[in-house]
Structure formats: C-alpha cells, structure tokens
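Q: Pasting in a structure now, in structure tokens, and then I'll have a few things to ask.
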Amino acid sequence: MVNVNDIKNGMTIEVDGNIYTILEFQHVKPGKGAAFVKMKLKNLRTGAIYEQTFNSSTKVAKALIEKKTMQYLYKDRKSVV
C-alpha cells in the first residue's frame, strides 16, 4: 500500500479492482478544509481516462506490472506465436 502523497507520474495503482497508470497528479491544500490529491488516471484494460480525487490520508495498492518486448512471428488458426 502506498500513501497518495508518495505517488509519482507513471506509477501503476489498483483502485476498485481496476489497474490504472497515473498520468498526472496535483496535491491541493485549500485554505479551509483538509488537503486532497487530484489525479488523472488511465485504465490499462479499457484505455479510458478518469479524473479522481483522493483524501491525503488515503492509501492505494501499488500494481506491479511486468513489461516484456516480444516479436510477432505468425498467426495460426487459433493462436498467435
């Protein structure tokens, strides 16, 4: 779990069962009331972009994503090799 104050652009997090990449964030400290963090998130499954706000004391799960470079060889009837 990562506190939302410790996030960075490009990090991947899991919120409500979906995996998101953080495109940008802004830590807001209003003159009255508690501080919060506004984030622009990209859903990795659908590609949709969302804006969401989190309380500054909220913790989110960090998603570990493994990226591999692969080469497309050929397409079989049922699979891709």
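Following the order of the structure tokens, chains are lettered A, B, ..., residues in each are numbered from 1, and ligands are numbered from 1.
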Within 10 Å of Thr46 of chain A, counting only C-alpha atoms, which residues qualify if same-chain residues fewer than 3 places away don't, as a PyMOL selection string?
A: chain A and resi 18-20+42-43+49
Q: Restrict the selected residues to N, CA, C and O atoms and save them as a PDB file, in the first residue's frame.
A:
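Output saved as part-v9.pdb:
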ATOM      1  N   ASN A  18      -9.586  -2.289 -10.576  1.00  0.00           N
ATOM      2  CA  ASN A  18      -9.067  -1.901 -11.888  1.00  0.00           C
ATOM      3  C   ASN A  18      -7.637  -1.399 -11.744  1.00  0.00           C
ATOM      4  O   ASN A  18      -7.264  -0.838 -10.717  1.00  0.00           O
ATOM      5  N   ILE A  19      -6.835  -1.580 -12.798  1.00  0.00           N
ATOM      6  CA  ILE A  19      -5.439  -1.150 -12.785  1.00  0.00           C
ATOM      7  C   ILE A  19      -5.321   0.128 -13.603  1.00  0.00           C
ATOM      8  O   ILE A  19      -5.789   0.193 -14.736  1.00  0.00           O
ATOM      9  N   TYR A  20      -4.692   1.139 -13.005  1.00  0.00           N
ATOM     10  CA  TYR A  20      -4.561   2.452 -13.627  1.00  0.00           C
ATOM     11  C   TYR A  20      -3.101   2.887 -13.663  1.00  0.00           C
ATOM     12  O   TYR A  20      -2.320   2.550 -12.777  1.00  0.00           O
ATOM     13  N   LYS A  42      -5.362   6.571 -16.190  1.00  0.00           N
ATOM     14  CA  LYS A  42      -5.701   5.851 -17.424  1.00  0.00           C
ATOM     15  C   LYS A  42      -5.893   4.385 -17.087  1.00  0.00           C
ATOM     16  O   LYS A  42      -4.994   3.736 -16.534  1.00  0.00           O
ATOM     17  N   ASN A  43      -7.079   3.864 -17.397  1.00  0.00           N
ATOM     18  CA  ASN A  43      -7.384   2.458 -17.176  1.00  0.00           C
ATOM     19  C   ASN A  43      -6.596   1.627 -18.191  1.00  0.00           C
ATOM     20  O   ASN A  43      -6.707   1.839 -19.392  1.00  0.00           O
ATOM     21  N   ILE A  49      -9.761   7.390 -19.736  1.00  0.00           N
ATOM     22  CA  ILE A  49      -9.073   8.297 -18.825  1.00  0.00           C
ATOM     23  C   ILE A  49     -10.093   8.878 -17.853  1.00  0.00           C
ATOM     24  O   ILE A  49     -11.161   9.334 -18.254  1.00  0.00           O
TER      25      ILE A  49
END
Q: Using only C-alpha atoms, which protein or nucleic acid residues come within 7 Å of segment 60-71 of chain A? Drop anything in the same chain fewer than 4 positions from it, and give the result as a VMD selection string.
A: chain A and resid 1 to 4 12 to 15 19
Q: My list of candidates is A:Phe54, A:Ser79, A:Gly17, A:Met11. Which is closest to Phe36 of chain A when distances are computed with only C-alpha atoms?
A: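 When distances to Phe36 of chain A are compared using only C-alpha atoms, the smallest one comes from A:Phe54.
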Q: One decimal, Å: what's the distance from atom CA of Lys38 of chain A over to atom CA of Glu51 of chain A, could you say?
A: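 Computed distance, atom CA of Lys38 of chain A to atom CA of Glu51 of chain A, equals 7.1 Å.
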